[in-house]
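Everything on this sheet refers to the single structure shown next.
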Amino acid sequence: MESIIFRPPFIWGKGVKALDAIEEKIRSKDFMWVDHGRALFEMVHVKNVAEAVYLAIQSGAEHHGEIFFVTDDNPQPVRDFLTKLLATRGIAPPDKNIPKRAATALAGVVETIWKAFGRTSSPPITRFDVAFVAMSRKYNISKIKKALNYHPVVSEQEGLQEMRETP
């Protein structure tokens with residue numbers, strides 16, 4: 001079997017489920033930015049992932065076994081991007097902030113308490129949550145651009161507009 005491996009970061013677009021969890025944390029007053037949301041963040045619109053898959057199929061066996069990062073090629077601070085995504089739902093995130101070191105320690109304690117007491121609900125903060133908003137991510141996609149002639153087909157503005165128009 002021939003295969004190509006894609007490594008997309010946060011996949012976004014109409015119906016993104018990850019936004020539901022963030023929205024719930026905001027509504028329950030459990031949301032805080034970590035380090036003011038300054039960490040660099042990369043994402044990829046679902047239609048851009050589909051484009052990469054299409055290009056890979058067109059290339060045939062030429063790139064069998066290769067690994068490609070695929071993004072929108074538009075890194076930005078996590079706060080900027082998530083604020084735009086939330087705005088498509090009419091939600092403005094709070095300005096509350098916690099330093100990364102404190103957030104990581106707090107998440108560890110909260111997870112331990114949740115586990116010790118057998119809680120089945122999600123903790124208000126987890127180490128994954130902290131890493132998601134506080135760990136800078138920047139991927140070099142020059143390989144997929146050169147090998148598959150990949151270029152994002154959906155811009156951030158187009159993707160956000162589509163999300164605003166979808167109930």
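Going through the structure tokens in order, the chains are called A, B, and so on, while each chain numbers its residues from 1 and the ligands are numbered from 1 in the order shown.
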
Run DSSP on the backbone and give me the residues of chain A it puts in alpha helix (DSSP H), as a PyMOL selection string. chain A and resi 18-27+46-59+78-87+100-116+127-134+142-148+156-165

Non-local contacts of stretch 138-142 of chain A (8 Å; only C-alpha atoms; under 3 positions in same chain excluded) as a PyMOL selection string: chain A and resi 40-42+68-71+73+75+145-146

Could you please determine the separation between atom CA of A:Val110 and atom CA of A:Arg127 in Å, to one decimal place? 9.4 Å

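If you measure from each of A:Ile125, A:Val16, A:Met43, A:Leu148 to A:Lys29 using only C-alpha atoms, the closest one turns out to be A:Ile125.
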
Close residues, A:His64 itself excluded, 12 Å, only C-alpha atoms, min 4 positions apart in chain, as an MDAnalysis selection string: chainID A and resid 1:6 56:57 59:60 68 147

File dump, residues just selected, C-alpha atoms, as a compact mmCIF listing (two decimals), in the first residue's frame:
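Saved as again-v6.txt:
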```txt
# COMPACT_ATOMS: atom_id res chain seq x y z
CA MET A 1 0.00 0.00 0.00
CA GLU A 2 1.28 3.44 -0.87
CA SER A 3 0.95 6.14 1.76
CA ILE A 4 1.81 9.70 2.58
CA ILE A 5 1.64 11.04 6.12
CA PHE A 6 0.20 14.49 6.82
CA ALA A 56 -1.08 13.70 -2.79
CA ILE A 57 -3.50 11.46 -4.70
CA SER A 59 1.13 12.72 -7.31
CA GLY A 60 0.69 8.95 -7.23
CA PHE A 68 4.41 16.54 5.26
CA ALA A 147 6.81 18.47 -3.59
```

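Among A:Met163, A:Val153, A:Val49, A:Ile144, the residue with the shortest atom-to-atom distance to A:Ile67, counting only C-alpha atoms, is A:Ile144.
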
Sort by chain and increasing residue number a table of all residues of stretch 72-118 of chain A within 10 Å of stretch 33-36 of chain A, each with its closest pair of atoms and their distance in Å to one decimal, counting only C-alpha atoms, and write it as JSON lines.
```
{"residue": "A:Pro77", "atom": "CA", "partner": "A:His36", "partner_atom": "CA", "distance": 9.5}
{"residue": "A:Val78", "atom": "CA", "partner": "A:Trp33", "partner_atom": "CA", "distance": 9.2}
{"residue": "A:Arg79", "atom": "CA", "partner": "A:His36", "partner_atom": "CA", "distance": 7.5}
{"residue": "A:Pro93", "atom": "CA", "partner": "A:Trp33", "partner_atom": "CA", "distance": 8.9}
{"residue": "A:Pro94", "atom": "CA", "partner": "A:Trp33", "partner_atom": "CA", "distance": 8.2}
{"residue": "A:Asp95", "atom": "CA", "partner": "A:Trp33", "partner_atom": "CA", "distance": 7.2}
{"residue": "A:Lys96", "atom": "CA", "partner": "A:Trp33", "partner_atom": "CA", "distance": 6.2}
{"residue": "A:Asn97", "atom": "CA", "partner": "A:Trp33", "partner_atom": "CA", "distance": 4.6}
{"residue": "A:Ile98", "atom": "CA", "partner": "A:Val34", "partner_atom": "CA", "distance": 5.1}
{"residue": "A:Pro99", "atom": "CA", "partner": "A:Asp35", "partner_atom": "CA", "distance": 4.9}
{"residue": "A:Lys100", "atom": "CA", "partner": "A:Val34", "partner_atom": "CA", "distance": 5.5}
{"residue": "A:Arg101", "atom": "CA", "partner": "A:Val34", "partner_atom": "CA", "distance": 9.1}
{"residue": "A:Ala102", "atom": "CA", "partner": "A:Val34", "partner_atom": "CA", "distance": 9.1}
{"residue": "A:Ala103", "atom": "CA", "partner": "A:Val34", "partner_atom": "CA", "distance": 7.0}
{"residue": "A:Thr104", "atom": "CA", "partner": "A:Val34", "partner_atom": "CA", "distance": 9.5}
```

Please produce a file of those selected residues containing C-alpha atoms, as a PDB file, in the first residue's frame.
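This went into part29.pdb:
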```pdb
ATOM      1  CA  PRO A  77      -0.542  34.590  18.382  1.00  0.00           C
ATOM      2  CA  VAL A  78      -3.040  32.057  19.752  1.00  0.00           C
ATOM      3  CA  ARG A  79      -5.074  34.871  21.318  1.00  0.00           C
ATOM      4  CA  PRO A  93     -13.055  35.887  25.471  1.00  0.00           C
ATOM      5  CA  PRO A  94     -12.200  37.441  28.842  1.00  0.00           C
ATOM      6  CA  ASP A  95      -8.925  39.225  29.513  1.00  0.00           C
ATOM      7  CA  LYS A  96      -8.076  37.005  32.504  1.00  0.00           C
ATOM      8  CA  ASN A  97      -4.512  35.758  32.396  1.00  0.00           C
ATOM      9  CA  ILE A  98      -2.289  33.313  34.249  1.00  0.00           C
ATOM     10  CA  PRO A  99       1.464  32.777  33.844  1.00  0.00           C
ATOM     11  CA  LYS A 100       2.406  29.502  32.146  1.00  0.00           C
ATOM     12  CA  ARG A 101       4.351  28.149  35.123  1.00  0.00           C
ATOM     13  CA  ALA A 102       1.427  28.745  37.482  1.00  0.00           C
ATOM     14  CA  ALA A 103      -1.073  27.335  34.958  1.00  0.00           C
ATOM     15  CA  THR A 104       0.965  24.155  34.496  1.00  0.00           C
TER      16      THR A 104
END
```

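Distance annotation: of A:Asp72, A:Ala116, A:Phe31, A:Leu86, the residue with the minimal separation from A:Glu51 is A:Asp72; atom set is only C-alpha atoms.
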
Backbone-only DSSP, strand (DSSP E or B) members of stretch 21-161 of chain A, as a PyMOL selection string: chain A and resi 33-34+40-41+43-45+67-69+76-77+97-98

Could you take the residues named above and write them with N, CA and C atoms, as a PDB file, in the first residue's frame?
```
ATOM      1  N   TRP A  33      -6.351  33.168  29.575  1.00  0.00           N
ATOM      2  CA  TRP A  33      -5.220  33.109  28.658  1.00  0.00           C
ATOM      3  C   TRP A  33      -3.998  32.713  29.461  1.00  0.00           C
ATOM      4  N   VAL A  34      -3.103  32.014  28.833  1.00  0.00           N
ATOM      5  CA  VAL A  34      -1.833  31.671  29.461  1.00  0.00           C
ATOM      6  C   VAL A  34      -0.774  32.554  28.814  1.00  0.00           C
ATOM      7  N   LEU A  40       2.920  31.575  19.677  1.00  0.00           N
ATOM      8  CA  LEU A  40       2.690  31.486  18.238  1.00  0.00           C
ATOM      9  C   LEU A  40       1.901  30.210  17.943  1.00  0.00           C
ATOM     10  N   PHE A  41       0.918  30.325  17.086  1.00  0.00           N
ATOM     11  CA  PHE A  41      -0.029  29.240  16.838  1.00  0.00           C
ATOM     12  C   PHE A  41      -0.169  29.028  15.342  1.00  0.00           C
ATOM     13  N   MET A  43      -2.399  26.752  12.382  1.00  0.00           N
ATOM     14  CA  MET A  43      -3.652  26.049  12.176  1.00  0.00           C
ATOM     15  C   MET A  43      -3.784  25.706  10.704  1.00  0.00           C
ATOM     16  N   VAL A  44      -4.823  24.901  10.392  1.00  0.00           N
ATOM     17  CA  VAL A  44      -5.089  24.586   8.992  1.00  0.00           C
ATOM     18  C   VAL A  44      -6.590  24.403   8.822  1.00  0.00           C
ATOM     19  N   HIS A  45      -7.146  25.080   7.836  1.00  0.00           N
ATOM     20  CA  HIS A  45      -8.564  24.944   7.538  1.00  0.00           C
ATOM     21  C   HIS A  45      -8.796  23.548   6.963  1.00  0.00           C
ATOM     22  N   ILE A  67       6.560  12.383   4.791  1.00  0.00           N
ATOM     23  CA  ILE A  67       5.792  13.055   5.835  1.00  0.00           C
ATOM     24  C   ILE A  67       5.769  14.546   5.510  1.00  0.00           C
ATOM     25  N   PHE A  68       4.569  15.123   5.569  1.00  0.00           N
ATOM     26  CA  PHE A  68       4.413  16.541   5.258  1.00  0.00           C
ATOM     27  C   PHE A  68       3.631  17.250   6.356  1.00  0.00           C
ATOM     28  N   PHE A  69       4.131  18.387   6.793  1.00  0.00           N
ATOM     29  CA  PHE A  69       3.334  19.286   7.617  1.00  0.00           C
ATOM     30  C   PHE A  69       2.442  20.065   6.666  1.00  0.00           C
ATOM     31  N   GLN A  76       0.261  32.969  13.905  1.00  0.00           N
ATOM     32  CA  GLN A  76      -0.117  34.187  14.622  1.00  0.00           C
ATOM     33  C   GLN A  76      -0.288  33.857  16.101  1.00  0.00           C
ATOM     34  N   PRO A  77      -0.333  34.868  16.960  1.00  0.00           N
ATOM     35  CA  PRO A  77      -0.542  34.590  18.382  1.00  0.00           C
ATOM     36  C   PRO A  77      -1.870  33.851  18.596  1.00  0.00           C
ATOM     37  N   ASN A  97      -5.795  36.313  32.797  1.00  0.00           N
ATOM     38  CA  ASN A  97      -4.512  35.758  32.396  1.00  0.00           C
ATOM     39  C   ASN A  97      -3.861  35.040  33.564  1.00  0.00           C
ATOM     40  N   ILE A  98      -3.073  34.028  33.247  1.00  0.00           N
ATOM     41  CA  ILE A  98      -2.289  33.313  34.249  1.00  0.00           C
ATOM     42  C   ILE A  98      -0.930  33.003  33.624  1.00  0.00           C
TER      43      ILE A  98
END
```

Interatomic distance between atom CA of A:Asp129 and atom CA of A:Leu106? 11.4 Å

Need to verify the contact set: A:Lys14, 8 Å, only C-alpha atoms, exclusion of same-chain residues closer than 4 positions in sequence. Can you return it as an MDAnalysis selection string? chainID A and resid 159 162:163 166
